[in-house]
Each structure stands twice: as structure tokens, then as C-alpha cells.
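A quick write-up on the structure given underneath.
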Amino acid sequence: MLLIFSRTGWRALACLTVLFALGCGSHTGRYPNRTVVMICPWAAGGGTDRVARFLADQLQRELGQPVVVQNQTGGSGAMGHAAGARARPDGYTITMGTFELCTMRAMGISDLTYRNFQPLAQVNADPAAILVRNEAPWQTLREFIDDVRSRPGELKMSGTAAGGAWDLARSGLLLAAELPVDAVLWSPSQGAAPSLVELLGGHIDAVCCSLPEAQSQLEAGQLRALCVMSAERLPDHPDVQTAKENGIDWEAVGWRGLFLPPGTPADVADLLSDKLRQVVESDAYRDFLAKNGFGGALRQGSEFAQFLDEQELRWRAVIEAAGMSATNGKPRVVVSTDPGPWFFPRVLVACLVTGMCLIAGANEWRVRARARRPGSLNEEVRVDTARLSERGVLDVVLLVAGLALYLSVIPWLGFFAGTLLFAVAMMVRLGTRWPTAIGLSVCLLGVVYLLFVQQFRVVLPTSPWWPL
Amino acid sequence: MLHELFQLLHPTVLAYWLAGMAFGVFIGATPGLTATMGVALVVPISFYLPPDAGLAMILGVSFTAIFSGDIPATYLRIPGTPASAAATLDNFALAQQGRASLALMLDLWCSAIGGLIGVLLLIGVAPQLAKLAMRFTNYEYFWLGVLGLSLSAVVCVGSTFRGILAAMFGMLLATIGLDMVSGTARFTFGNSDLSGGLSFIPAMIGLFGLSEVLRNVHAQAALSTPTVSAGERASARDVASRIWRNKGTVARSSLLGTFIGALPGAGADIAAWVAYGLAQRLSRRKEEFGRGCDEGVIAPTSANNAAVGGAWIPALVLGIPGDSVTAIVLGALLMYNIKPGPLVFEQNPGQMRTIFLIALITQVLLIPAGSAGIRAFAWILRLPRSVVMTGVVVFSVLGAYALRNSLFDVWLMLAFGLLGFALEAWRVPLAPLILGMILGPMVEENLRVGLIKSGGDWTPFFTRPICAGIVALFAASLLAPAVLRRLRRGIPASV
């Protein structure tokens, strides 16, 4: 430990301090002066991700700084939205918010609402649609609803997980047609793509999702859209009727927009608003929407806030009427034929407990049997645990504790400073000499920086005090 | 076809192609960084390149990363990608015997052959295979999951009973999060991070990678000496003769791998394990599995490379991703104006031919690229163990973080590292736990959604033709060892 006071140690420390001081200088200055992060709460390759990446690319040109998309998935969008809401309000974290933001709270998935953010702009709107196979017997939505009315509970639909956007959309449609929500059997799926496979394979009767998600199948003529849940017919699909034309006054739109954390300074928010407006109204964006079959929309400021409010109220009504609202601990939508969400965990826990008892019992029996054999009283009786040496255990505990400490300080020291300290400490503890350890760690972090940060724009955690 | 080939041989395209393959080898071979992440990183760059170069780069990364995940699995017992977890068994055992070079050369050639078979099936029978894949629905996926789980009971070296318990524990861990079927939160304790469930890749990095580091540290082996001693180099003739002797296994594993990869609900990792388990069931030398048996190396590696090709079948023909890598690539294809789906062969015939050519040639280029990767990795391993272990930890932290940009995932990795260390101390095998985490949701969700669809009726699970087929396969795999033993007793002993 006295080595830290050696010359090499001091020199290294001095170099690092100078580097950080230089780096600090560029941290202040006009916005934006470093990478902006756009959080996308959905997986890479999906619709929201594609919109986010395109917008990020265009914004980058406008702002003159890299804009990078981070996919933070999980919890039906809750994780990404939560991360966006608690980010530092300095304008360097934008969140791509989606429809789920208005339903999360009512469904009990999260406490977030749009009021936990500073809304920037809505950029896209895709109305829900009902899709059927080309050879299906229904030509209009009216025929389909009449069929549902005549044989409730027989027809099967899918499109997303239980309680997801499209499940709510079709629930609203049924309620508006004065049918109970379970008039159609909803078969949950992991997103629209698997449900389209089911539809094509003939295992279900209809799918509720947005039109861009089924674009290739629609163009190939394998699937047909019965209706679209928008106010007017869509310009890209002029022959698809609206629900209103079929006598059901119902609209359901999946939308996407950009949000900032609350408390972002007004000048930053205004700058971003302007740039965003320019991007969304540009030809490049319109082309992108057309190519992917997305629907465009632009609402900013109070218009956007009003839209969000109205959406929240409308969906809360549907969620409550459909019996999907959160009550403490009770499963939300359990179809009677579903063994329920706790069936599997109970079976597994029961088997595990039984199994562990059996192992413990067998162990005891073996120990007793060995003890009963003559001349074996001095034998080592711990037959099941590999021997753990004391010094080894100490090292393992140190490593784990060190890692835990390292992970805790990353939000404060940033990834590079924290990793440097940890790597040097670990190498030294395992027997490398100080100078070598520091040198190799700096090399390693250099590779990581050049490859991941520069080339691939992976945004690693940074400290609030210096840019690395 | 010749025109597209000529275009591909342009220096710019070749440069990016090889760069992509080099990057794929690096990403796959670094424990902590996965093929999915590699493709996700490369796709945005590929948009700025001419389309052929961009496609070549993406395909290069995805096929090489799947192979090179086997390299650290062989030397360090740490899989570089989830699909390489099966390589930690026989490959590592061979490396312990000083025959790492044999294991890796066998691995490399079988990866290339498996990949080639997968791509040839993609080119030849993609529409037909896609049609067959569409007949799979919840009932069939349920049985596939059960089949996979039953095979996991055999892949553990050591106590089968503890293996089954480990698989069940894995299944239990996988129930944490938001239930897809009912929307209920299970075991989340109000924590929004847990509501996303336990992300599988950080769990695997921790379970295999970090726990192996902890084991190394605990073992107190001379930590300043090189990590791995250079073993004997394997001769090409030896490798070729071993492959020829096991040609049945190669063919069977590749076909199985392609088909499982073609199922939208299953990917390369499941393919590798099912192939391994099946090979063990049908082998004459099943006791050698896990101790350095050739078939134990060949089966998973040909299956997982074949599955990468197979995953393109639903992606191209149906527009539906076969695994996480193709999910990202599909988005990229749209930017190239290629609309995957039923009309893709009519609308973009030239680009389809280009993709097929790239996929084929990449398999061939895999041999030199893979050999270079093996050599580079062996060179790095000459560094002291302390340095290598630190590098593994740093990249594990980076990899666990970079997937979802979440520190929670890194904590998860740490927790799983401790879990893996403790489990190995209690002699519980780790592989079934991972299989339980992958297959548990598959089994549970499909059972419940299947019951919802059939209205509580159990008969479709047994009477549907494909289901009946899989159940028969399942029963056969349980009885196969006994039956084969009886049959072989009747045949005079051969070499």
C-alpha cells in the first residue's frame, strides 16, 4: 500500500489529473456541446426504434453534435420511460415516448404519466387496424362485429401481450359496439409479428395492430384490412374503411413523441423544439414515413399536452370498463381457461423445496452410513461441498466487494475513471506490479474508448463533473 | 448471378466485408460482448456505405461472431455468446487435456460446414420450410420446449438430479417480471427495474464469465503465469478424419439446427443444446460426453451456425425475425429498400442473390478469419492470468451495460456471478440453469396461451399432427439409449 507514494504512482496520478482538468474545460459552454442521448423504450429493429434512429440522424445534422439512440427495454416500456424521466435535465437526454405512457399508470405497471416529463413534440401517429386473411368471410367491419355478436367467445384475435396497446384498442372497439370485452378471445403474443404468423397459419381469426406492422403481407395480398380506427381514411390506404363508417364511433391511435426530463431550461427546450419542427416538416422525414408506411403527425406545446390529456382520460375509461385496471396484487386479466400466473411458480417452488429436502436427506444418510462403518470416525465427512480454502475465500469476497463498490461509484466518477481504478486495483491484488497495471489498464480503456465510444457511439455512464 | 458476384469482388466491398468479419471475431470472442450487440453496433455504420458493402459487413459480423464465441469457451470456460454455452463442456475438457488446438480446428470446420448447410437450405427450400414453420403454433412450441428441457437433463456432467433442480430454478427465475399472458407483475416487489424481468444475456455473462473469474481467483493458482499453456497443434489430416468419422452427426446437427433456427420462437442457443442432447442420446460413447468427446464438439457447433442461416428463412420469406440478430437486420433491410416478406423474391431478385452469395462466401471465409481469431486469442492468453481475468471483468461489465444501457443489468450480472460460484461449490451444474431460463418462458407461455385458445381443452396438445410427432420424438429420445443398446448388441463389434 505504501507503493502509492512511489514516484511512478505520483506521476501517473499527475497525468490523469491534467487530462481530467483539460477535459473539464469543454464541459461548460453553449448547448449542445457533446453527445445527446435519445432513449428508446423498445427493442432495436422495431418500429419505434426505427423512427428514433431516423430522427436521431436528422437531429444530429441540425444540432451539429452526435445524437445516439439507447434501447432501454423492459416492463412494456416502463423501464425506458422511467430512465428518461429521472435523467439529468440538461437537454442531453431526450426520451422517445410512446402510447404506453398514457396507460401505464391506469394499468398499474408504473406510476409515470406524461406529467413526469416536459413534452417536446408528437412525431408520428399510427391508427390501429383490424386485419384478416384474404380469404376470410367478412368484407366489412360491420359483418365482423355482427358475427362476433352472434357467437361471442368463439372468434380469436391477437396482436400483442394482454393489456397492450392493441388489446386496449380492440377492447375499446368492442365496448363502443356495445359488446363485452370478452366477446372475442384475445390470445396474447409477444408483439405484432408473431401474431401475424398465427393469422397467416390459420390459428387465429383476426389481428389488431397498426398497418405498417403488416405492410409486406398487405402488399402481397395475403392479408386484408377490415377497418382502420382513425377519424378519416388514410391517404396511403384509401380503400380501407374507418370504424366510424361502419357505425362504430371509435378511434385508437398508437403515437410516438419526444420528451425531456422535467426542469429542463427553457432555452434548451425551445432550441430543441425548433430543430425538431424543422426535421419533422422536412421532405426527408416525409420520405422516411412513406417508405416505412408510418403515419405522420406533429403537435407541439399546449396542443400536445392537450392531446396527451385527452388520451389519458379516454384510455382510463376503456381500461376500467374492460376490468383491466390495477388492484393491489390481483391478477388483471385471467381468462378462466388460463391456469393463472401463479400456477407455474407454485409448481416449481414445490418441486425445488422437495428436491432440496431429498438432497439434504440423502446427504445425511450418506454421512450416517459412513460414520457407522468401523474405523471411519476420523474421515472427512463433508462429502458434498468442494473445499473452500480460507485465503481463496478472502480474495473472492474482496473481488465481489470491490466490484460492488465500483458499480456504485460509476454514476459519480463516470465509467472510465471508475474502471481505471478498479482494473488497477484488481491487477495489483492479483500480483501484477503497479506501473504495469496502470499502463495496461490505460491501454485497455483506450481500446474501449476508441472502439466503443468513438466508432460505435455507445454512450457509457458519465460523471456530472467531467466529460468522461 | 455472375454479375452480382463480380460486384461483390470490388475492393471496397471486400474491405468492409473483412472488417466486419474481423469485428465479428473480436466481438464473439470477447466474453461479455455478444453477436446481437455486434450487429446492433454495425448496422448504423452500414447505412453510410454502399448497399453491397453494408450487407456484407452485417452478414460477416453475424456469422463469425457465432463461431468465435466458442474460442473463450474452449480456453477459459466462458462462452462468448449464449449459443456457445454448450462449447464449455467438451471443448473445455479437450483444452484441459492439452488438445485445445484440435478442439478449435474441429469446431471451426464444423461451424463452416454447418453454416454452409444452413445457407444452402435457405437458398433451396426457404419457402417450403417457412410454410412448415407457420404450422407451428403454441401447442407445438410447448412440446419443443419440453423436449429441450428433457434433453437438458442429460447435458450435465454429474448428478442428473441436481441438473433437473437447476433447470427448475432457472425456470423460476425466468418468471420474474411482467407476465405476458395476464399482465400481472410477478416477483417484482414494486421495483420498475425488475418489472422488465431478468435480462438473459447479463445473467449468462455473470453465470459463466464472472463466476469463472471468481473460481480462478479462489483457486489461487499461480496467477502471474500465463493463462493457458500452448498445446500440441492438430494436424489437418487428424481433423479431417474425425469429421469424416462423424459425418452423420454433422449432417444431423446441421439439419436440426437449420430447422430450429427457422422457427420464429427458437434460435441458435436452443439449437445447440438440442443437437448436443440428441447426439448424446444417440451416441455409442455417451459416457465420454463432457469429457472431451468429438461428437460433443461437433454437434452444438454445426447446429448453431446452421441456425444462424435458418433464422433468415422466416425473416426473408415471412418478414418475421427468427432471432434477435435478424430482428435488427430486418430493420436495416428496410432502409436498403428490401421489403422482406412474401414478395421479396419478385421485388428484389438481384439483392436476394447478393445476400445469398454473401452468406455462402462468408462460410468459406470463416476458415481463415476464424483461424486468425484463434491464433490472436491464444497470443493474448500468454499474458499473465491476472491481466486476462481483469480484462474479462471489464468487458463483462461493458457488455452487460451496453445491451440495454442499464446499470441494473450489471448488478444482475454480479448477482449471477455469485450464484454461479455458489452453485459450482455445491456441485450443481450451470448449463441446465441457463436452459431453464431460456426454455421456461417458452414452455409456460405456450401452455397457457394454448389452453386459452383451445378453451381449456387439452386434446390439441396431443392430437395435432406435429405435436404428436414431437411427443413421439420426445418418447423416443427417452427410450433411445435402451433400444440402441439392444440393437447394437446384435451387431458384431466394429472399430
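To be explicit about the labels: the chains of the C-alpha cells are called A, B, and onward in the order shown, and within each one the residues are counted from 1, while ligands get numbers from 1 in the order they are shown.
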Sel. of alpha helix (DSSP H) residues, region 160-269 of chain B, as a ChimeraX atom specification
/B:160-174,200-204,211-219,236-245,247-262,268-269
Give as number ranges by chain every residue of chain B that touches chain A within 7 Å, counting only C-alpha atoms.
B: 41, 134-135, 137, 165, 168, 172, 178-184, 192-193, 195-196, 214, 217-220, 223-224, 320, 327-328, 330-331, 339-343, 386-387, 390, 404-405, 425-426, 448-449, 451-453, 455-456
Between CA of Asn33 (chain A) and CA of Trp466 (chain A) - distance in Å to one decimal:
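Interatomic distance here is 13.1 Å.
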Mind checking which residues fall within 12 Å of Ile27 (chain B), counting only C-alpha atoms, ignoring those fewer than 2 positions away in the same chain, and posting them as a VMD selection string?
(chain A and resid 451 to 452) or (chain B and resid 20 to 25 29 to 42 60 to 72 79 to 81 373 377 395 to 396 398 to 399)
Write the selection just made, keeping C-alpha atoms, as a compact mmCIF listing (two decimals), in the first residue's frame?
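What follows is the written file out.txt:
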# COMPACT_ATOMS: atom_id res chain seq x y z
CA LEU A 451 -13.81 1.38 -30.44
CA PHE A 452 -16.98 1.79 -28.45
CA GLY B 20 -16.93 -6.86 -40.50
CA MET B 21 -15.61 -10.40 -40.12
CA ALA B 22 -12.66 -9.23 -38.04
CA PHE B 23 -15.00 -7.26 -35.85
CA GLY B 24 -17.30 -10.26 -35.58
CA VAL B 25 -14.42 -12.43 -34.41
CA ALA B 29 -14.51 -13.94 -28.74
CA THR B 30 -14.70 -11.30 -26.05
CA PRO B 31 -16.63 -12.63 -23.10
CA GLY B 32 -19.24 -10.04 -22.27
CA LEU B 33 -19.87 -8.81 -25.80
CA THR B 34 -22.39 -10.75 -27.89
CA ALA B 35 -23.31 -11.23 -31.51
CA THR B 36 -26.54 -9.28 -31.05
CA MET B 37 -24.62 -6.32 -29.74
CA GLY B 38 -22.11 -6.60 -32.54
CA VAL B 39 -24.78 -6.45 -35.22
CA ALA B 40 -26.59 -3.61 -33.41
CA LEU B 41 -23.36 -1.60 -33.44
CA VAL B 42 -22.53 -2.26 -37.07
CA GLY B 60 -19.93 -11.07 -41.89
CA VAL B 61 -20.37 -9.99 -38.29
CA SER B 62 -23.28 -12.28 -37.51
CA PHE B 63 -21.80 -15.50 -38.91
CA THR B 64 -18.31 -15.08 -37.45
CA ALA B 65 -19.49 -13.95 -34.00
CA ILE B 66 -21.42 -17.18 -33.53
CA PHE B 67 -18.31 -19.24 -34.21
CA SER B 68 -15.81 -17.17 -32.27
CA GLY B 69 -17.92 -17.38 -29.11
CA ASP B 70 -16.53 -20.90 -28.87
CA ILE B 71 -12.95 -19.67 -28.50
CA PRO B 72 -13.13 -18.32 -24.94
CA PRO B 79 -18.89 -18.60 -23.58
CA GLY B 80 -18.53 -15.55 -25.78
CA THR B 81 -22.16 -15.69 -26.89
CA GLY B 373 -9.00 -15.23 -34.35
CA PHE B 377 -6.71 -15.19 -28.76
CA PHE B 395 -15.59 -6.47 -20.72
CA SER B 396 -18.29 -8.28 -18.78
CA LEU B 398 -19.18 -3.24 -20.50
CA GLY B 399 -21.16 -5.96 -22.24
Between CA of Asp239 (chain A) and CA of Asp146 (chain A), distance in Å (one decimal):
21.2 Å
Taking 4 positions as the minimum chain separation for residues in the same chain, which residues sit within 7 Å of Val36 (chain A) when counting only C-alpha atoms? Answer as a list in words.
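Once the adjacent positions are removed, what remains is Pro66, Val67, Val68, Tyr92 and Thr93 of chain A.
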Need the shell around Arg252 (chain B): protein/DNA/RNA residues with any atom at most 9 Å away, counting only C-alpha atoms. Skip same-chain ones fewer than 4 positions apart. Format as a list of chain:residue names?
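Non-adjacent residues within range: B:Lys247, B:Gly248, B:Leu256, B:Gly257, B:Ala275, B:Ala279, B:Ala299, B:Ala303.
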From the set B:Glu346, B:Glu295, B:Asp457, B:Glu212, which residue has the shortest atom-to-atom contact distance to Val393 (chain B), counting only C-alpha atoms?
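Closest to Val393 (chain B), using only C-alpha atoms: B:Glu212.
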Find the residues near Ser150 (chain B): any atom within 10 Å, counting only C-alpha atoms, skip ones fewer than 3 places away on the same chain, and give them as a VMD selection string.
chain B and resid 144 to 147 153 to 155 164 167 274 277 432 474 477 to 478
In Å, with one decimal, what is the gap from CA of Gly64 (chain A) to CA of Arg34 (chain A)?
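Taking CA of Gly64 (chain A) and CA of Arg34 (chain A), their separation equals 9.3 Å.
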Neighbours of Ala121 (chain A) within 7 Å (only C-alpha atoms; same-chain residues fewer than 4 positions away dropped), as a ChimeraX atom specification?
/A:257-258,298-300,304
Residue list (strand (DSSP E or B), DSSP) for region 260-306 of chain A, as a list in words:
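Selecting the strand (DSSP E or B) positions of region 260-306 of chain A gives Leu260, Gly296, Ala297, Leu298, Arg299 and Gln300 of chain A.
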Produce a file of the selected residues containing N, CA and C atoms, as a PDB file, in the first residue's frame.
ATOM      1  N   LEU A 260     -38.669  15.608 -22.749  1.00  0.00           N
ATOM      2  CA  LEU A 260     -37.476  15.963 -21.989  1.00  0.00           C
ATOM      3  C   LEU A 260     -37.749  15.733 -20.504  1.00  0.00           C
ATOM      4  N   GLY A 296     -47.726  10.231 -40.322  1.00  0.00           N
ATOM      5  CA  GLY A 296     -47.094  11.413 -39.749  1.00  0.00           C
ATOM      6  C   GLY A 296     -48.062  12.187 -38.877  1.00  0.00           C
ATOM      7  N   ALA A 297     -47.524  12.968 -37.969  1.00  0.00           N
ATOM      8  CA  ALA A 297     -48.344  13.857 -37.131  1.00  0.00           C
ATOM      9  C   ALA A 297     -47.373  14.814 -36.466  1.00  0.00           C
ATOM     10  N   LEU A 298     -47.795  16.012 -36.207  1.00  0.00           N
ATOM     11  CA  LEU A 298     -46.923  16.934 -35.475  1.00  0.00           C
ATOM     12  C   LEU A 298     -47.770  17.757 -34.543  1.00  0.00           C
ATOM     13  N   ARG A 299     -47.511  17.627 -33.245  1.00  0.00           N
ATOM     14  CA  ARG A 299     -48.190  18.501 -32.273  1.00  0.00           C
ATOM     15  C   ARG A 299     -47.128  18.968 -31.301  1.00  0.00           C
ATOM     16  N   GLN A 300     -47.131  20.245 -30.973  1.00  0.00           N
ATOM     17  CA  GLN A 300     -46.144  20.738 -30.012  1.00  0.00           C
ATOM     18  C   GLN A 300     -46.837  21.588 -28.972  1.00  0.00           C
TER      19      GLN A 300
END
